[in-house]
$ cat target.tsv   # TSV, C-alpha atoms
chain	number	residue	atom	x	y	z
P	1	THR	CA	-46.04	19.59	2.86
P	2	VAL	CA	-45.89	18.76	6.56
P	3	HIS	CA	-46.14	21.62	9.02
P	4	ARG	CA	-45.50	21.14	12.69
P	5	ASP	CA	-45.41	24.15	15.02
P	6	GLU	CA	-45.31	26.59	12.12
P	7	TYR	CA	-49.10	26.98	11.97
P	8	PHE	CA	-50.67	25.23	14.99
P	9	SER	CA	-50.36	24.72	18.72
P	10	LEU	CA	-52.16	22.34	21.05
P	11	PHE	CA	-52.82	22.82	24.77
P	12	PRO	CA	-53.07	21.83	27.57
P	13	ASN	CA	-50.91	18.78	27.17
P	14	PRO	CA	-51.45	16.47	29.00
P	15	SER	CA	-55.20	17.02	29.31
P	16	PRO	CA	-57.99	15.39	31.32
P	17	GLY	CA	-60.84	16.79	29.24
P	18	GLN	CA	-60.52	19.38	26.52
P	19	ILE	CA	-57.74	20.17	24.06
P	20	GLN	CA	-57.51	23.61	22.48
P	21	LEU	CA	-56.23	23.65	18.92
P	22	VAL	CA	-55.12	27.08	17.77
P	23	GLY	CA	-53.62	27.78	14.41
P	24	TYR	CA	-53.47	29.61	11.15
P	25	PHE	CA	-54.51	28.53	7.67
P	26	PRO	CA	-52.27	30.24	5.10
P	27	ILE	CA	-54.90	29.90	2.35
P	28	LYS	CA	-58.65	29.34	2.10
P	29	GLY	CA	-59.67	25.69	1.77
P	30	SER	CA	-61.50	22.73	3.27
P	31	TYR	CA	-59.95	20.81	6.14
P	32	TYR	CA	-60.42	17.78	8.33
P	33	ILE	CA	-59.12	16.62	11.69
P	34	GLN	CA	-58.06	13.09	12.55
P	35	VAL	CA	-57.11	11.71	15.98
P	36	LEU	CA	-55.29	8.37	16.24
P	37	SER	CA	-54.67	6.26	19.32
P	38	ALA	CA	-51.15	4.97	20.10
P	39	ASP	CA	-51.97	1.71	18.29
P	40	GLY	CA	-53.07	3.58	15.15
P	41	ARG	CA	-56.85	3.29	15.57
P	42	ARG	CA	-58.86	6.27	14.33
P	43	VAL	CA	-60.77	7.62	17.34
P	44	LEU	CA	-61.96	10.79	15.59
P	45	GLU	CA	-62.32	11.84	11.98
P	46	GLU	CA	-64.07	15.16	11.60
P	47	PHE	CA	-64.63	16.54	8.11
P	48	LYS	CA	-65.19	20.25	7.81
P	49	GLY	CA	-66.16	22.51	4.99
P	50	GLN	CA	-64.44	25.61	3.74
P	51	ALA	CA	-62.17	27.51	6.14
P	52	ASP	CA	-61.10	31.06	5.44
P	53	GLN	CA	-57.49	32.09	5.42
P	54	GLY	CA	-56.46	33.22	8.88
P	55	GLU	CA	-56.76	32.20	12.50
P	56	PHE	CA	-58.35	28.89	13.44
P	57	TYR	CA	-59.68	27.81	16.85
P	58	LYS	CA	-61.09	24.39	17.74
P	59	THR	CA	-61.91	22.70	21.04
P	60	LEU	CA	-61.76	18.90	21.09
P	61	ASP	CA	-63.43	16.99	23.91
P	62	VAL	CA	-61.10	14.11	24.82
P	63	SER	CA	-62.71	13.34	28.20
P	64	GLN	CA	-64.15	10.03	26.94
P	65	TYR	CA	-60.81	8.83	25.54
P	66	SER	CA	-58.82	6.22	27.46
P	67	ASN	CA	-55.68	7.45	29.20
P	68	GLY	CA	-52.69	7.36	26.87
P	69	SER	CA	-50.93	9.00	23.94
P	70	TYR	CA	-52.72	10.20	20.81
P	71	THR	CA	-51.70	11.76	17.50
P	72	ILE	CA	-53.71	14.57	15.99
P	73	LYS	CA	-53.57	15.53	12.31
P	74	VAL	CA	-55.10	18.52	10.57
P	75	PHE	CA	-55.32	18.16	6.77
P	76	HIS	CA	-55.67	21.23	4.54
P	77	PRO	CA	-54.84	22.07	0.89
P	78	ALA	CA	-51.72	23.93	2.12
P	79	GLY	CA	-50.42	20.71	3.71
P	80	PHE	CA	-50.99	18.95	7.00
P	81	TRP	CA	-50.00	19.49	10.59
P	82	THR	CA	-49.36	16.72	13.09
P	83	SER	CA	-48.70	16.63	16.81
P	84	SER	CA	-49.38	14.44	19.81
P	85	PHE	CA	-51.05	14.79	23.17
P	86	VAL	CA	-51.54	12.71	26.30
P	87	LYS	CA	-54.97	12.06	27.85
P	88	VAL	CA	-54.92	11.74	31.64
P	89	ASP	CA	-57.61	11.55	34.34

$ encode --input "target.tsv" --output "structure tokens"
Amino acid sequence: TVHRDEYFSLFPNPSPGQIQLVGYFPIKGSYYIQVLSADGRRVLEEFKGQADQGEFYKTLDVSQYSNGSYTIKVFHPAGFWTSSFVKVD
């Protein structure tokens, strides 16, 4: 199942340094985060352990990324969420 804005939001967008990921996991389970560059290269793959059901907060430091568009994916047993952001100076 793909979830877009149903469970997560991402801000600020565009961002020069840090992206705040705020969301909700509908069930308990392990998750991981993946960030892809516009050409499909994986620039981040962060595996995490068990997450409780409920609110989720994560800060991603994108200050070292090149300027451009990126896709972020959060994978979880309930499905996955995908969005995009722009890195600027």

$ closest_residue --input "target.tsv" --among "P:Thr59, P:Gln34, P:Asn67, P:Gln53" --to "P:Ser9" --atoms "only C-alpha atoms"
P:Thr59

$ closest_residue --input "target.tsv" --among "P:Val62, P:Ile19, P:Ala51, P:Val88" --to "P:Tyr32" --atoms "only C-alpha atoms"
P:Ala51

$ atom_distance --input "target.tsv" --atom1 "atom CA of P:Val43" --atom2 "atom CA of P:Lys58"
16.8 Å

$ closest_residue --input "target.tsv" --among "P:Leu36, P:Asp89, P:Glu45, P:Gln50" --to "P:Thr71" --atoms "all atoms listed in the file"
P:Leu36

$ closest_residue --input "target.tsv" --among "P:Gly68, P:Tyr31, P:Gly49, P:Glu55" --to "P:Phe8" --atoms "only C-alpha atoms"
P:Glu55

$ closest_residue --input "target.tsv" --among "P:Lys87, P:Tyr7, P:Tyr57, P:Lys73" --to "P:Pro26" --atoms "only C-alpha atoms"
P:Tyr7

$ residues_around --input "target.tsv" --residues "P:Ile27" --least-positions-apart "5" --cutoff "10 Å" --atoms "all atoms listed in the file" --output "ChimeraX atom specification"
/P:51-54,76-78

$ closest_residue --input "target.tsv" --among "P:Phe80, P:Phe75, P:Phe56, P:Phe85" --to "P:Val22" --atoms "all atoms listed in the file"
P:Phe56

$ atom_distance --input "target.tsv" --atom1 "atom CA of P:Ser37" --atom2 "atom CA of P:Ile72"
9.0 Å

$ axis_aligned_box --input "target.tsv" --around "stretch 32-49 of chain P" --padding-each-side "6 Å" --output "JSON"
{"center_x": -58.7, "center_y": 12.1, "center_z": 12.5, "size_x": 27.0, "size_y": 32.8, "size_z": 27.1}

$ atom_distance --input "target.tsv" --atom1 "atom CA of P:Tyr24" --atom2 "atom CA of P:Ser66"
29.0 Å
